[in-house]
$ cat data22.txt   # compact mmCIF, C-alpha atoms (C1' of nucleotides)
# COMPACT_ATOMS: atom_id res chain seq x y z
CA MET A 1 -0.92 13.28 17.21
CA ARG A 2 2.14 13.18 14.98
CA ILE A 3 2.25 12.66 11.25
CA GLY A 4 2.76 8.91 11.47
CA ASP A 5 -0.28 8.51 13.70
CA LEU A 6 -2.40 10.56 11.36
CA ALA A 7 -1.11 8.52 8.44
CA THR A 8 -2.12 5.21 9.98
CA ALA A 9 -5.43 6.65 11.15
CA THR A 10 -6.40 7.81 7.69
CA GLY A 11 -4.56 5.50 5.35
CA ALA A 12 -2.84 8.44 3.68
CA SER A 13 0.94 8.38 3.47
CA ALA A 14 3.01 10.90 5.40
CA ARG A 15 4.12 12.22 2.04
CA SER A 16 0.50 12.92 1.10
CA LEU A 17 -0.18 14.69 4.38
CA ARG A 18 2.78 17.00 3.82
CA TYR A 19 1.53 17.58 0.31
CA TYR A 20 -1.93 18.49 1.60
CA GLU A 21 -0.33 20.98 3.92
CA GLU A 22 1.80 22.41 1.12
CA GLN A 23 -1.39 22.91 -0.90
CA GLY A 24 -3.05 24.69 2.00
CA LEU A 25 -5.59 21.95 2.69
CA LEU A 26 -4.38 20.89 6.10
CA ALA A 27 -2.86 22.86 8.97
CA SER A 28 -0.46 21.67 11.63
CA GLU A 29 1.17 22.95 14.78
CA ARG A 30 4.90 22.52 15.07
CA SER A 31 6.81 21.31 18.09
CA SER A 32 9.89 23.22 19.23
CA GLY A 33 11.94 20.82 17.12
CA GLY A 34 9.86 21.50 14.04
CA GLN A 35 7.76 18.35 13.98
CA ARG A 36 4.10 18.46 12.95
CA HIS A 37 1.34 17.90 15.48
CA TYR A 38 -2.31 17.51 14.65
CA PRO A 39 -5.53 17.65 16.66
CA GLU A 40 -7.91 14.71 16.59
CA SER A 41 -10.15 16.61 14.19
CA ALA A 42 -7.47 16.28 11.54
CA VAL A 43 -8.54 12.68 10.93
CA GLU A 44 -11.94 13.79 9.75
CA ARG A 45 -10.40 16.60 7.74
CA VAL A 46 -8.09 14.23 5.91
CA THR A 47 -10.82 11.72 5.10
CA LEU A 48 -12.84 14.61 3.70
CA ILE A 49 -9.91 15.66 1.55
CA GLN A 50 -9.57 12.09 0.35
CA SER A 51 -13.24 11.95 -0.59
CA LEU A 52 -13.03 15.14 -2.60
CA LEU A 53 -9.85 14.05 -4.34
CA ALA A 54 -11.48 10.73 -5.19
CA ALA A 55 -14.39 12.66 -6.65
CA GLY A 56 -12.00 14.29 -9.06
CA LEU A 57 -11.70 17.71 -7.45
CA SER A 58 -8.21 19.10 -7.81
CA SER A 59 -6.33 20.16 -4.72
CA SER A 60 -6.60 23.77 -5.78
CA THR A 61 -10.37 23.46 -6.10
CA ILE A 62 -10.51 21.82 -2.70
CA HIS A 63 -8.43 24.68 -1.39
CA ASP A 64 -11.03 27.11 -2.69
CA VAL A 65 -13.92 25.17 -1.29
CA LEU A 66 -12.75 23.52 1.91
CA PRO A 67 -12.23 26.53 4.17
CA CYS A 68 -15.96 27.17 4.22
CA ILE A 69 -16.31 24.15 6.44
CA THR A 70 -14.33 25.65 9.24
CA GLU A 71 -14.35 29.39 8.66
CA LYS A 72 -17.89 30.62 8.51
CA ALA A 73 -17.05 34.16 7.57
CA ILE A 74 -16.20 33.69 3.94
CA ARG A 75 -19.71 32.86 2.77
CA THR A 76 -19.59 34.70 -0.52
CA PRO A 77 -21.88 34.36 -3.54
CA TRP A 78 -18.84 33.35 -5.53
CA LEU A 79 -18.16 30.47 -3.18
CA ALA A 80 -21.77 29.31 -3.33
CA GLU A 81 -21.59 29.35 -7.10
CA ARG A 82 -18.34 27.43 -7.07
CA LEU A 83 -19.83 24.81 -4.79
CA ARG A 84 -22.89 24.42 -7.00
CA SER A 85 -20.66 24.03 -10.03
CA GLU A 86 -18.57 21.31 -8.42
CA LEU A 87 -21.71 19.60 -7.18
CA SER A 88 -23.16 19.44 -10.65
CA ARG A 89 -19.87 18.14 -11.99
CA VAL A 90 -19.99 15.33 -9.48
CA GLU A 91 -23.61 14.61 -10.33
CA ASP A 92 -22.79 14.41 -14.01
CA GLN A 93 -19.96 12.09 -13.18
CA ILE A 94 -22.33 9.88 -11.18
CA SER A 95 -24.85 9.53 -13.96
CA SER A 96 -22.11 8.85 -16.46
CA LEU A 97 -20.82 6.16 -14.16
CA HIS A 98 -24.30 4.70 -13.92
CA ARG A 99 -24.39 4.23 -17.68
CA THR A 100 -20.96 2.66 -17.64
CA ARG A 101 -21.98 0.36 -14.83
CA ASP A 102 -24.99 -0.77 -16.88
CA ILE A 103 -22.70 -1.52 -19.80
CA LEU A 104 -20.41 -3.59 -17.60
CA ALA A 105 -23.33 -5.32 -15.94
CA GLY A 106 -24.71 -6.23 -19.36
CA LEU A 107 -21.38 -7.73 -20.27
CA VAL A 108 -21.23 -9.69 -17.05
CA VAL A 109 -24.66 -11.17 -17.68
CA HIS A 110 -23.73 -11.96 -21.25
CA TYR A 111 -20.44 -13.57 -20.36
CA ALA A 112 -21.42 -15.39 -17.20
CA VAL A 113 -20.17 -18.94 -17.48
CA MET B 1 -14.00 7.66 -42.48
CA ARG B 2 -10.58 9.12 -41.79
CA ILE B 3 -9.11 10.00 -38.44
CA GLY B 4 -10.22 13.61 -38.51
CA ASP B 5 -13.81 12.59 -39.16
CA LEU B 6 -13.76 10.09 -36.34
CA ALA B 7 -12.26 12.71 -34.09
CA THR B 8 -14.98 15.25 -34.74
CA ALA B 9 -17.65 12.55 -34.50
CA THR B 10 -16.52 11.41 -31.09
CA GLY B 11 -14.90 14.45 -29.53
CA ALA B 12 -11.65 12.56 -29.06
CA SER B 13 -8.49 14.09 -30.48
CA ALA B 14 -6.66 12.41 -33.33
CA ARG B 15 -3.81 11.92 -30.87
CA SER B 16 -6.12 9.99 -28.57
CA LEU B 17 -7.36 7.79 -31.39
CA ARG B 18 -3.80 6.87 -32.36
CA TYR B 19 -3.11 6.21 -28.71
CA TYR B 20 -6.12 3.90 -28.47
CA GLU B 21 -4.84 2.00 -31.48
CA GLU B 22 -1.36 1.82 -29.99
CA GLN B 23 -2.90 0.31 -26.85
CA GLY B 24 -4.79 -2.24 -28.90
CA LEU B 25 -8.22 -0.81 -28.19
CA LEU B 26 -9.12 0.33 -31.68
CA ALA B 27 -8.36 -1.15 -35.10
CA SER B 28 -8.01 0.62 -38.44
CA GLU B 29 -7.55 -0.20 -42.08
CA ARG B 30 -4.81 1.61 -43.93
CA SER B 31 -5.05 3.21 -47.34
CA SER B 32 -2.28 2.55 -49.87
CA GLY B 33 -0.63 5.72 -48.62
CA GLY B 34 -0.72 4.57 -45.02
CA GLN B 35 -3.62 6.64 -43.79
CA ARG B 36 -6.09 5.23 -41.30
CA HIS B 37 -9.67 4.44 -42.34
CA TYR B 38 -12.44 3.46 -39.97
CA PRO B 39 -15.88 1.92 -40.42
CA GLU B 40 -18.93 3.71 -39.04
CA SER B 41 -19.00 1.31 -36.11
CA ALA B 42 -15.79 2.88 -34.85
CA VAL B 43 -17.78 5.81 -33.50
CA GLU B 44 -19.63 3.58 -31.07
CA ARG B 45 -16.43 1.78 -30.18
CA VAL B 46 -14.66 5.02 -29.33
CA THR B 47 -17.50 6.34 -27.19
CA LEU B 48 -17.43 3.05 -25.33
CA ILE B 49 -13.70 3.41 -24.75
CA GLN B 50 -14.28 6.92 -23.49
CA SER B 51 -16.92 5.72 -21.05
CA LEU B 52 -14.66 3.06 -19.64
CA LEU B 53 -11.73 5.44 -19.34
CA ALA B 54 -13.96 7.95 -17.57
CA ALA B 55 -14.97 5.19 -15.18
CA GLY B 56 -11.36 4.82 -14.19
CA LEU B 57 -10.49 1.66 -16.08
CA SER B 58 -6.94 1.75 -17.37
CA SER B 59 -6.33 1.23 -21.05
CA SER B 60 -4.71 -2.12 -20.33
CA THR B 61 -7.77 -3.24 -18.41
CA ILE B 62 -9.96 -2.10 -21.25
CA HIS B 63 -7.75 -4.04 -23.58
CA ASP B 64 -8.39 -7.16 -21.54
CA VAL B 65 -12.11 -6.62 -21.38
CA LEU B 66 -13.15 -4.94 -24.61
CA PRO B 67 -12.61 -7.71 -27.16
CA CYS B 68 -15.41 -9.74 -25.65
CA ILE B 69 -17.86 -7.32 -27.18
CA THR B 70 -16.88 -8.16 -30.70
CA GLU B 71 -15.25 -11.56 -30.54
CA LYS B 72 -17.61 -14.06 -29.03
CA ALA B 73 -15.15 -16.90 -28.84
CA ILE B 74 -13.09 -15.80 -25.87
CA ARG B 75 -15.78 -16.27 -23.24
CA THR B 76 -13.54 -17.61 -20.50
CA PRO B 77 -14.22 -17.91 -16.76
CA TRP B 78 -11.24 -15.65 -16.23
CA LEU B 79 -12.81 -12.93 -18.34
CA ALA B 80 -16.13 -13.25 -16.53
CA GLU B 81 -14.33 -12.87 -13.23
CA ARG B 82 -12.41 -9.89 -14.49
CA LEU B 83 -15.60 -8.23 -15.64
CA ARG B 84 -17.28 -8.82 -12.30
CA SER B 85 -14.30 -7.37 -10.52
CA GLU B 86 -14.32 -4.21 -12.60
CA LEU B 87 -18.07 -3.93 -12.18
CA SER B 88 -17.79 -4.02 -8.43
CA ARG B 89 -15.00 -1.45 -8.56
CA VAL B 90 -17.27 0.88 -10.49
CA GLU B 91 -20.11 0.25 -8.07
CA ASP B 92 -17.90 1.07 -5.13
CA GLN B 93 -16.84 4.20 -6.89
CA ILE B 94 -20.46 5.18 -7.45
CA SER B 95 -21.43 4.80 -3.83
CA SER B 96 -18.34 6.67 -2.74
CA LEU B 97 -19.29 9.45 -5.11
CA HIS B 98 -22.80 9.47 -3.67
CA ARG B 99 -21.39 10.20 -0.25
CA THR B 100 -19.19 12.93 -1.64
CA ARG B 101 -22.13 14.41 -3.49
CA ASP B 102 -24.10 14.51 -0.25
CA ILE B 103 -21.26 16.34 1.43
CA LEU B 104 -21.13 18.91 -1.34
CA ALA B 105 -24.90 19.23 -1.40
CA GLY B 106 -24.89 19.86 2.33
CA LEU B 107 -22.35 22.60 1.84
CA VAL B 108 -24.38 24.16 -0.94
CA VAL B 109 -27.48 24.26 1.24
CA HIS B 110 -25.48 25.68 4.10
CA TYR B 111 -23.80 28.35 2.02
CA ALA B 112 -26.67 29.32 -0.22
CA VAL B 113 -26.88 33.10 -0.17
C1' DC C 1 23.38 8.83 27.71
C1' DT C 2 22.71 6.30 23.69
C1' DA C 3 20.63 3.89 20.07
C1' DA C 4 16.67 3.33 17.45
C1' DA C 5 12.73 5.08 15.53
C1' DA C 6 10.35 8.78 13.72
C1' DC C 7 10.61 13.06 11.65
C1' DC C 8 12.46 17.07 8.75
C1' DT C 9 13.49 19.46 3.96
C1' DG C 10 14.62 19.19 -0.73
C1' DA C 11 14.90 17.07 -4.84
C1' DC C 12 14.23 13.89 -8.43
C1' DA C 13 11.25 9.85 -10.31
C1' DT C 14 6.83 7.87 -11.63
C1' DT C 15 2.37 7.01 -13.94
C1' DG C 16 -1.25 7.55 -17.64
C1' DA C 17 -3.59 9.79 -21.00
C1' DC C 18 -2.79 12.79 -23.58
C1' DG C 19 -0.64 17.81 -25.98
C1' DT C 20 2.55 19.50 -29.14
C1' DC C 21 6.12 20.07 -32.43
C1' DA C 22 9.06 18.67 -36.36
C1' DA C 23 9.78 16.89 -40.80
C1' DG C 24 7.81 14.79 -44.19
C1' DG C 25 4.10 12.25 -47.35
C1' DG C 26 -0.89 11.63 -49.31
C1' DC C 27 -4.78 13.44 -51.76
C1' DA C 28 -8.66 16.17 -53.89
C1' DA C 29 -9.61 20.76 -56.31
C1' DG C 30 -8.37 23.98 -59.58
C1' DC D 1 1.16 20.08 -61.55
C1' DT D 2 0.59 22.75 -57.70
C1' DT D 3 -1.61 24.47 -53.64
C1' DG D 4 -3.42 23.57 -49.30
C1' DC D 5 -5.16 20.61 -46.03
C1' DC D 6 -5.05 16.35 -43.80
C1' DC D 7 -2.33 12.65 -42.52
C1' DT D 8 2.05 9.96 -40.93
C1' DT D 9 5.74 8.61 -37.27
C1' DG D 10 8.69 9.81 -33.51
C1' DA D 11 9.94 12.18 -29.77
C1' DC D 12 9.62 15.07 -26.01
C1' DG D 13 6.51 17.89 -22.72
C1' DT D 14 2.67 18.15 -19.26
C1' DC D 15 0.02 17.68 -15.07
C1' DA D 16 -1.29 16.00 -10.45
C1' DA D 17 -0.71 13.24 -6.68
C1' DT D 18 2.49 10.50 -4.79
C1' DG D 19 6.85 7.44 -4.34
C1' DT D 20 11.48 7.46 -3.06
C1' DC D 21 16.03 8.68 -1.70
C1' DA D 22 19.59 11.39 0.70
C1' DG D 23 21.43 13.65 4.50
C1' DG D 24 20.44 15.56 8.69
C1' DT D 25 17.56 16.49 13.21
C1' DT D 26 14.26 15.31 16.96
C1' DT D 27 12.03 12.35 19.97
C1' DT D 28 11.50 8.21 22.61
C1' DA D 29 12.76 3.82 24.91
C1' DG D 30 15.91 1.54 27.62
$ encode --input "data22.txt" --output "structure tokens"
Amino acid sequence: MRIGDLATATGASARSLRYYEEQGLLASERSSGGQRHYPESAVERVTLIQSLLAAGLSSSTIHDVLPCITEKAIRTPWLAERLRSELSRVEDQISSLHRTRDILAGLVVHYAV
Amino acid sequence: MRIGDLATATGASARSLRYYEEQGLLASERSSGGQRHYPESAVERVTLIQSLLAAGLSSSTIHDVLPCITEKAIRTPWLAERLRSELSRVEDQISSLHRTRDILAGLVVHYAV
DNA sequence: CTAAAACCTGACATTGACGTCAAGGGCAAG
DNA sequence: CTTGCCCTTGACGTCAATGTCAGGTTTTAG
């Protein structure tokens, strides 16, 4: 598929897809004319990238952490530690959001008309 | 308390506190010399602002929604709707983060050394 | 073959919540 | 009164992901 197809399939803009590639998060084959072509699996890859970005991971962190999904060889202790660290960051973020949600919910109850 | 005290009490920088005031999120009295003074209650107010910012609310949204905590008069249907809308945004964000956490947790299990 | 649609690179613009620096004024201790 | 620290406003810088525009090339439909 070409970049426009991938864009509509994932909801990401073509600009974002090129940016992901520039950051080393997403690979592409090039046609003889230089245009990007992606396998079907790229859809899943991009939605994963979107999830991690939405969770507040930076693209450089994702770059450090994402390859382990496809390349099994680089299973280092450092990577495991990095993953655990990001996981706990996300868990902290979730519990913080839970408290904030409770605050908002309290307001909603209080201000229901 | 002065701005430095409030900063150390909340962990926010003095710059951030001035920014909150500029955005209409935080009030202050001024001394004769023009320096800001805050009541004790400002600590709670600032931590609340921090929570809402961390939850992804913009400062302008917080501006729309925060006064209802202190000023009881402005209980409008519009405000209630706005609150509900932000609440559901935060809830969506939480469940999205849950999925992301599960992905990361799966990776951690897989790459534990 | 030709026109339209999609794509390319490169560069500058944007947004939001701040950091940071400059140049000066306020305020308590000695 | 002076020293030193904290404060003031104003302005410009930052960062990350993305928008947007320009000028040119490739691919596709007819």
$ closest_atom_pairs --input "data22.txt" --of "chain B" --to "chain C" --cutoff "8 Å" --atoms "only C-alpha atoms (C1' of nucleotides)" --output "tab-separated table"
residue	atom	partner	partner_atom	distance
B:Arg15	CA	C:DC18	C1'	7.4
B:Ser16	CA	C:DC18	C1'	6.6
B:Gly33	CA	C:DG26	C1'	6.0
B:Gln35	CA	C:DG26	C1'	7.9
$ closest_residue --input "data22.txt" --among "D:DC15, D:DC7, D:DT28, D:DA22" --to "chain B" --atoms "all atoms listed in the file"
D:DC7
$ closest_atom_pairs --input "data22.txt" --of "chain A" --to "chain D" --cutoff "12 Å" --atoms "only C-alpha atoms (C1' of nucleotides)" --output "Markdown table"
| residue | atom | partner | partner_atom | distance |
| --- | --- | --- | --- | --- |
| A:Arg2 | CA | D:DT27 | C1' | 11.1 |
| A:Ala12 | CA | D:DT18 | C1' | 10.2 |
| A:Ser13 | CA | D:DT18 | C1' | 8.7 |
| A:Ala14 | CA | D:DT18 | C1' | 10.2 |
| A:Arg15 | CA | D:DT18 | C1' | 7.2 |
| A:Ser16 | CA | D:DT18 | C1' | 6.7 |
| A:Leu17 | CA | D:DT18 | C1' | 10.4 |
| A:Arg18 | CA | D:DT18 | C1' | 10.8 |
| A:Tyr19 | CA | D:DA17 | C1' | 8.5 |
| A:Tyr20 | CA | D:DA17 | C1' | 9.9 |
| A:Gln23 | CA | D:DA17 | C1' | 11.3 |
| A:Arg30 | CA | D:DT26 | C1' | 12.0 |
| A:Ser31 | CA | D:DT26 | C1' | 9.6 |
| A:Ser32 | CA | D:DT26 | C1' | 9.3 |
| A:Gly33 | CA | D:DT26 | C1' | 6.0 |
| A:Gly34 | CA | D:DT26 | C1' | 8.1 |
| A:Gln35 | CA | D:DT26 | C1' | 7.8 |
| A:Arg36 | CA | D:DT26 | C1' | 11.4 |
| A:Gln50 | CA | D:DA17 | C1' | 11.4 |
| A:Leu53 | CA | D:DA17 | C1' | 9.5 |
| A:Ala54 | CA | D:DA17 | C1' | 11.2 |
| A:Gly56 | CA | D:DA16 | C1' | 10.9 |
| A:Leu57 | CA | D:DA16 | C1' | 11.0 |
| A:Ser58 | CA | D:DA16 | C1' | 8.0 |
| A:Ser59 | CA | D:DA16 | C1' | 8.7 |
| A:Ser60 | CA | D:DA16 | C1' | 10.5 |
$ atom_distance --input "data22.txt" --atom1 "atom CA of Ala7 of chain A" --atom2 "atom CA of Leu52 of chain A"
17.5 Å
$ interface_residues --input "data22.txt" --of "chain B" --to "chain A" --cutoff "9 Å" --atoms "only C-alpha atoms" --output "ChimeraX atom specification"
/B:48,51-52,54-55,68-69,75-77,79-81,83-84,86-88,90-91,93-105,107-109,111-113
$ atom_distance --input "data22.txt" --atom1 "atom CA of Gly24 of chain A" --atom2 "atom CA of Thr61 of chain A"
11.0 Å
$ axis_aligned_box --input "data22.txt" --around "segment 7-22 of chain D" --padding-each-side "5 Å" --output "AutoDock Vina command-line options"
--center_x 8.6 --center_y 12.8 --center_z -20.9 --size_x 31.9 --size_y 20.7 --size_z 53.2
$ atom_distance --input "data22.txt" --atom1 "atom CA of His37 of chain A" --atom2 "atom CA of Ile62 of chain A"
22.1 Å
$ closest_residue --input "data22.txt" --among "A:Asp92, A:Gly4, A:His63, A:Tyr38" --to "Glu22 of chain A" --atoms "only C-alpha atoms"
A:His63
